[in-house]
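run_29.cif (mmCIF, N, CA and C atoms)
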data_model
loop_
_atom_site.group_PDB
_atom_site.id
_atom_site.type_symbol
_atom_site.label_atom_id
_atom_site.label_comp_id
_atom_site.auth_asym_id
_atom_site.auth_seq_id
_atom_site.Cartn_x
_atom_site.Cartn_y
_atom_site.Cartn_z
ATOM 1 N N MET D 1264 63.094 10.248 68.649
ATOM 2 C CA MET D 1264 62.015 9.835 69.539
ATOM 3 C C MET D 1264 60.824 10.772 69.360
ATOM 4 N N SER D 1265 59.675 10.191 69.302
ATOM 5 C CA SER D 1265 58.472 10.978 69.103
ATOM 6 C C SER D 1265 57.935 11.511 70.430
ATOM 7 N N ASP D 1266 57.012 12.472 70.307
ATOM 8 C CA ASP D 1266 56.375 13.039 71.493
ATOM 9 C C ASP D 1266 55.534 11.948 72.158
ATOM 10 N N ILE D 1267 55.790 11.708 73.396
ATOM 11 C CA ILE D 1267 55.134 10.622 74.121
ATOM 12 C C ILE D 1267 53.623 10.788 74.136
ATOM 13 N N HIS D 1268 53.144 11.994 74.274
ATOM 14 C CA HIS D 1268 51.705 12.220 74.413
ATOM 15 C C HIS D 1268 50.947 11.968 73.115
ATOM 16 N N GLU D 1269 51.647 11.822 72.005
ATOM 17 C CA GLU D 1269 50.998 11.517 70.731
ATOM 18 C C GLU D 1269 50.984 10.018 70.447
ATOM 19 N N LEU D 1270 51.659 9.222 71.270
ATOM 20 C CA LEU D 1270 51.736 7.787 71.045
ATOM 21 C C LEU D 1270 50.480 7.080 71.529
ATOM 22 N N SER D 1271 50.068 6.082 70.776
ATOM 23 C CA SER D 1271 48.984 5.216 71.240
ATOM 24 C C SER D 1271 49.525 4.349 72.373
ATOM 25 N N PHE D 1272 48.619 3.699 73.070
ATOM 26 C CA PHE D 1272 49.049 2.807 74.142
ATOM 27 C C PHE D 1272 49.974 1.731 73.595
ATOM 28 N N GLU D 1273 49.579 1.135 72.473
ATOM 29 C CA GLU D 1273 50.357 0.040 71.898
ATOM 30 C C GLU D 1273 51.758 0.484 71.490
ATOM 31 N N ALA D 1274 51.859 1.664 70.879
ATOM 32 C CA ALA D 1274 53.170 2.170 70.459
ATOM 33 C C ALA D 1274 54.044 2.506 71.661
ATOM 34 N N ALA D 1275 53.452 3.125 72.672
ATOM 35 C CA ALA D 1275 54.203 3.471 73.877
ATOM 36 C C ALA D 1275 54.666 2.219 74.609
ATOM 37 N N TYR D 1276 53.798 1.224 74.678
ATOM 38 C CA TYR D 1276 54.150 -0.018 75.362
ATOM 39 C C TYR D 1276 55.261 -0.755 74.617
ATOM 40 N N ALA D 1277 55.189 -0.754 73.289
ATOM 41 C CA ALA D 1277 56.224 -1.412 72.488
ATOM 42 C C ALA D 1277 57.577 -0.730 72.684
ATOM 43 N N GLU D 1278 57.578 0.601 72.711
ATOM 44 C CA GLU D 1278 58.829 1.327 72.939
ATOM 45 C C GLU D 1278 59.352 1.055 74.345
ATOM 46 N N LEU D 1279 58.472 1.020 75.310
ATOM 47 C CA LEU D 1279 58.861 0.720 76.682
ATOM 48 C C LEU D 1279 59.470 -0.679 76.777
ATOM 49 N N ASP D 1280 58.892 -1.630 76.084
ATOM 50 C CA ASP D 1280 59.408 -2.994 76.070
ATOM 51 C C ASP D 1280 60.822 -3.026 75.477
ATOM 52 N N THR D 1281 61.035 -2.268 74.415
ATOM 53 C CA THR D 1281 62.360 -2.192 73.794
ATOM 54 C C THR D 1281 63.375 -1.591 74.756
ATOM 55 N N ILE D 1282 62.966 -0.558 75.472
ATOM 56 C CA ILE D 1282 63.855 0.089 76.447
ATOM 57 C C ILE D 1282 64.240 -0.893 77.547
ATOM 58 N N VAL D 1283 63.283 -1.648 78.041
ATOM 59 C CA VAL D 1283 63.562 -2.631 79.088
ATOM 60 C C VAL D 1283 64.578 -3.656 78.589
ATOM 61 N N GLU D 1284 64.401 -4.128 77.376
ATOM 62 C CA GLU D 1284 65.346 -5.097 76.812
ATOM 63 C C GLU D 1284 66.754 -4.519 76.734
ATOM 64 N N LYS D 1285 66.862 -3.255 76.296
ATOM 65 C CA LYS D 1285 68.179 -2.612 76.193
ATOM 66 C C LYS D 1285 68.825 -2.448 77.568
ATOM 67 N N LEU D 1286 68.025 -2.051 78.537
ATOM 68 C CA LEU D 1286 68.559 -1.868 79.890
ATOM 69 C C LEU D 1286 68.971 -3.200 80.501
ATOM 70 N N GLU D 1287 68.199 -4.232 80.258
ATOM 71 C CA GLU D 1287 68.533 -5.551 80.800
ATOM 72 C C GLU D 1287 69.791 -6.133 80.166
ATOM 73 N N ALA D 1288 70.069 -5.759 78.920
ATOM 74 C CA ALA D 1288 71.263 -6.264 78.236
ATOM 75 C C ALA D 1288 72.532 -5.750 78.910
ATOM 76 N N GLY D 1289 72.467 -4.556 79.479
ATOM 77 C CA GLY D 1289 73.593 -4.013 80.226
ATOM 78 C C GLY D 1289 74.761 -3.539 79.383
ATOM 79 N N ASP D 1290 74.547 -3.298 78.102
ATOM 80 C CA ASP D 1290 75.620 -2.887 77.202
ATOM 81 C C ASP D 1290 75.723 -1.376 77.026
ATOM 82 N N LEU D 1291 75.029 -0.622 77.840
ATOM 83 C CA LEU D 1291 74.964 0.831 77.667
ATOM 84 C C LEU D 1291 75.839 1.545 78.692
ATOM 85 N N SER D 1292 76.222 2.757 78.320
ATOM 86 C CA SER D 1292 76.943 3.594 79.277
ATOM 87 C C SER D 1292 75.959 4.075 80.343
ATOM 88 N N LEU D 1293 76.483 4.631 81.389
ATOM 89 C CA LEU D 1293 75.635 5.150 82.459
ATOM 90 C C LEU D 1293 74.707 6.236 81.930
ATOM 91 N N GLU D 1294 75.239 7.150 81.128
ATOM 92 C CA GLU D 1294 74.417 8.241 80.573
ATOM 93 C C GLU D 1294 73.309 7.698 79.681
ATOM 94 N N GLU D 1295 73.631 6.740 78.828
ATOM 95 C CA GLU D 1295 72.621 6.145 77.960
ATOM 96 C C GLU D 1295 71.561 5.430 78.790
ATOM 97 N N SER D 1296 71.997 4.722 79.809
ATOM 98 C CA SER D 1296 71.062 4.020 80.679
ATOM 99 C C SER D 1296 70.133 4.991 81.391
ATOM 100 N N LEU D 1297 70.676 6.082 81.890
ATOM 101 C CA LEU D 1297 69.850 7.075 82.582
ATOM 102 C C LEU D 1297 68.844 7.726 81.631
ATOM 103 N N ALA D 1298 69.284 8.035 80.416
ATOM 104 C CA ALA D 1298 68.387 8.646 79.430
ATOM 105 C C ALA D 1298 67.255 7.680 79.074
ATOM 106 N N LEU D 1299 67.598 6.411 78.873
ATOM 107 C CA LEU D 1299 66.565 5.424 78.559
ATOM 108 C C LEU D 1299 65.639 5.187 79.743
ATOM 109 N N PHE D 1300 66.204 5.175 80.947
ATOM 110 C CA PHE D 1300 65.379 5.002 82.135
ATOM 111 C C PHE D 1300 64.371 6.145 82.250
ATOM 112 N N GLU D 1301 64.828 7.367 82.010
ATOM 113 C CA GLU D 1301 63.941 8.533 82.085
ATOM 114 C C GLU D 1301 62.835 8.425 81.040
ATOM 115 N N ARG D 1302 63.205 8.080 79.820
ATOM 116 C CA ARG D 1302 62.203 7.910 78.753
ATOM 117 C C ARG D 1302 61.229 6.794 79.148
ATOM 118 N N GLY D 1303 61.745 5.728 79.701
ATOM 119 C CA GLY D 1303 60.901 4.622 80.124
ATOM 120 C C GLY D 1303 59.896 5.030 81.184
ATOM 121 N N ARG D 1304 60.333 5.838 82.141
ATOM 122 C CA ARG D 1304 59.404 6.323 83.181
ATOM 123 C C ARG D 1304 58.301 7.168 82.561
ATOM 124 N N GLN D 1305 58.672 8.019 81.613
ATOM 125 C CA GLN D 1305 57.680 8.855 80.934
ATOM 126 C C GLN D 1305 56.691 7.995 80.147
ATOM 127 N N LEU D 1306 57.207 6.984 79.461
ATOM 128 C CA LEU D 1306 56.335 6.077 78.714
ATOM 129 C C LEU D 1306 55.418 5.311 79.654
ATOM 130 N N SER D 1307 55.956 4.863 80.776
ATOM 131 C CA SER D 1307 55.161 4.149 81.763
ATOM 132 C C SER D 1307 54.030 5.030 82.298
ATOM 133 N N ASP D 1308 54.356 6.268 82.608
ATOM 134 C CA ASP D 1308 53.339 7.208 83.091
ATOM 135 C C ASP D 1308 52.259 7.441 82.033
ATOM 136 N N HIS D 1309 52.691 7.566 80.775
ATOM 137 C CA HIS D 1309 51.741 7.786 79.674
ATOM 138 C C HIS D 1309 50.820 6.570 79.519
ATOM 139 N N CYS D 1310 51.410 5.367 79.551
ATOM 140 C CA CYS D 1310 50.594 4.148 79.448
ATOM 141 C C CYS D 1310 49.586 4.076 80.585
ATOM 142 N N GLN D 1311 50.020 4.394 81.795
ATOM 143 C CA GLN D 1311 49.109 4.358 82.938
ATOM 144 C C GLN D 1311 47.986 5.368 82.776
ATOM 145 N N ALA D 1312 48.296 6.560 82.279
ATOM 146 C CA ALA D 1312 47.265 7.576 82.062
ATOM 147 C C ALA D 1312 46.245 7.103 81.022
ATOM 148 N N LEU D 1313 46.729 6.461 79.963
ATOM 149 C CA LEU D 1313 45.815 5.945 78.937
ATOM 150 C C LEU D 1313 44.944 4.819 79.502
ATOM 151 N N LEU D 1314 45.524 3.970 80.324
ATOM 152 C CA LEU D 1314 44.740 2.904 80.960
ATOM 153 C C LEU D 1314 43.697 3.478 81.910
ATOM 154 N N ASP D 1315 44.080 4.491 82.663
ATOM 155 C CA ASP D 1315 43.129 5.135 83.580
ATOM 156 C C ASP D 1315 41.972 5.747 82.807
ATOM 157 N N LYS D 1316 42.277 6.387 81.672
ATOM 158 C CA LYS D 1316 41.243 7.006 80.842
ATOM 159 C C LYS D 1316 40.311 5.934 80.273
ATOM 160 N N ALA D 1317 40.886 4.822 79.827
ATOM 161 C CA ALA D 1317 40.069 3.731 79.295
ATOM 162 C C ALA D 1317 39.175 3.147 80.383
ATOM 163 N N GLU D 1318 39.722 2.993 81.580
ATOM 164 C CA GLU D 1318 38.929 2.465 82.695
ATOM 165 C C GLU D 1318 37.758 3.387 83.011
ATOM 166 N N LEU D 1319 38.005 4.689 82.980
ATOM 167 C CA LEU D 1319 36.940 5.653 83.243
ATOM 168 C C LEU D 1319 35.844 5.541 82.187
ATOM 169 N N ARG D 1320 36.239 5.379 80.925
ATOM 170 C CA ARG D 1320 35.250 5.227 79.854
ATOM 171 C C ARG D 1320 34.414 3.966 80.061
ATOM 172 N N VAL D 1321 35.058 2.887 80.462
ATOM 173 C CA VAL D 1321 34.332 1.641 80.691
ATOM 174 C C VAL D 1321 33.342 1.818 81.833
ATOM 175 N N ARG D 1322 33.759 2.521 82.874
ATOM 176 C CA ARG D 1322 32.863 2.744 84.017
ATOM 177 C C ARG D 1322 31.662 3.596 83.655
ATOM 178 N N LYS D 1323 31.814 4.412 82.610
ATOM 179 C CA LYS D 1323 30.726 5.297 82.206
ATOM 180 C C LYS D 1323 29.799 4.653 81.184
ATOM 181 N N LEU D 1324 29.975 3.388 80.936
ATOM 182 C CA LEU D 1324 29.083 2.711 79.992
ATOM 183 C C LEU D 1324 27.636 2.818 80.476
ATOM 184 N N ASN D 1325 26.815 3.158 79.559
ATOM 185 C CA ASN D 1325 25.384 3.208 79.879
ATOM 186 C C ASN D 1325 24.819 1.809 79.867
ATOM 187 N N GLU D 1326 23.629 1.670 80.385
ATOM 188 C CA GLU D 1326 22.981 0.370 80.380
ATOM 189 C C GLU D 1326 22.761 -0.158 78.963
ATOM 190 N N ASP D 1327 22.627 0.749 78.001
ATOM 191 C CA ASP D 1327 22.383 0.303 76.613
ATOM 192 C C ASP D 1327 23.692 -0.007 75.874
ATOM 193 N N GLY D 1328 24.831 0.130 76.570
ATOM 194 C CA GLY D 1328 26.109 -0.241 75.965
ATOM 195 C C GLY D 1328 26.846 0.883 75.297
ATOM 196 N N SER D 1329 26.273 2.084 75.232
ATOM 197 C CA SER D 1329 26.984 3.199 74.622
ATOM 198 C C SER D 1329 27.935 3.820 75.656
ATOM 199 N N VAL D 1330 28.874 4.576 75.156
ATOM 200 C CA VAL D 1330 29.842 5.207 76.030
ATOM 201 C C VAL D 1330 29.555 6.698 76.070
ATOM 202 N N ASP D 1331 29.463 7.245 77.281
ATOM 203 C CA ASP D 1331 29.316 8.684 77.441
ATOM 204 C C ASP D 1331 30.634 9.351 77.078
ATOM 205 N N GLU D 1332 30.595 10.361 76.221
ATOM 206 C CA GLU D 1332 31.802 11.113 75.890
ATOM 207 C C GLU D 1332 32.104 12.079 77.018
ATOM 208 N N MET D 1333 33.371 12.253 77.239
ATOM 209 C CA MET D 1333 33.790 13.099 78.350
ATOM 210 C C MET D 1333 33.890 14.534 77.923
#
How would this structure read if it were set down as structure tokens?
Amino acid sequence: MSDIHELSFEAAYAELDTIVEKLEAGDLSLEESLALFERGRQLSDHCQALLDKAELRVRKLNEDGSVDEM
């Protein structure tokens, strides 16, 4: 598993989707399920942080359409 903070939104979301599918299948041990759940929460938090950052950038759009760098 790669470092979550280095993942793009798309990569993190795809991994999160895979984790959800595995958990929904119900074929995992309790320990495996807990480990995947924890990873999923971390991925979810990372995706939300990236979305929040993108929203902030959109809000900072200038009237001429450029984006202010943070």
Could you produce a table of the residues of segment 1286-1333 of chain D lying within 8 Å of segment 1273-1281 of chain D, with the nearest pair of atoms per residue and their separation in Å rounded to one decimal, using only N, CA and C atoms, ordered by chain and increasing residue number, as a Markdown table?
| residue | atom | partner | partner_atom | distance |
| --- | --- | --- | --- | --- |
| D:Leu1286 | N | D:Thr1281 | C | 6.0 |
| D:Glu1287 | N | D:Thr1281 | C | 7.8 |
| D:Arg1302 | C | D:Leu1279 | CA | 7.0 |
| D:Gly1303 | CA | D:Leu1279 | CA | 5.6 |
| D:Arg1304 | N | D:Leu1279 | CA | 7.6 |
| D:Leu1306 | CA | D:Ala1275 | C | 5.9 |
| D:Ser1307 | N | D:Leu1279 | CA | 6.5 |
| D:His1309 | C | D:Ala1275 | CA | 7.3 |
| D:Cys1310 | CA | D:Tyr1276 | N | 6.4 |
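Relative to atom CA of Glu1284 of chain D, atom CA of Gln1305 of chain D is found at 16.4 Å.
Pairwise distance (atom N of Gln1311 of chain D, atom C of Ser1271 of chain D) equals 9.4 Å.
The coordinates place atom CA of Phe1300 of chain D at 15.9 Å from atom CA of Ser1265 of chain D.
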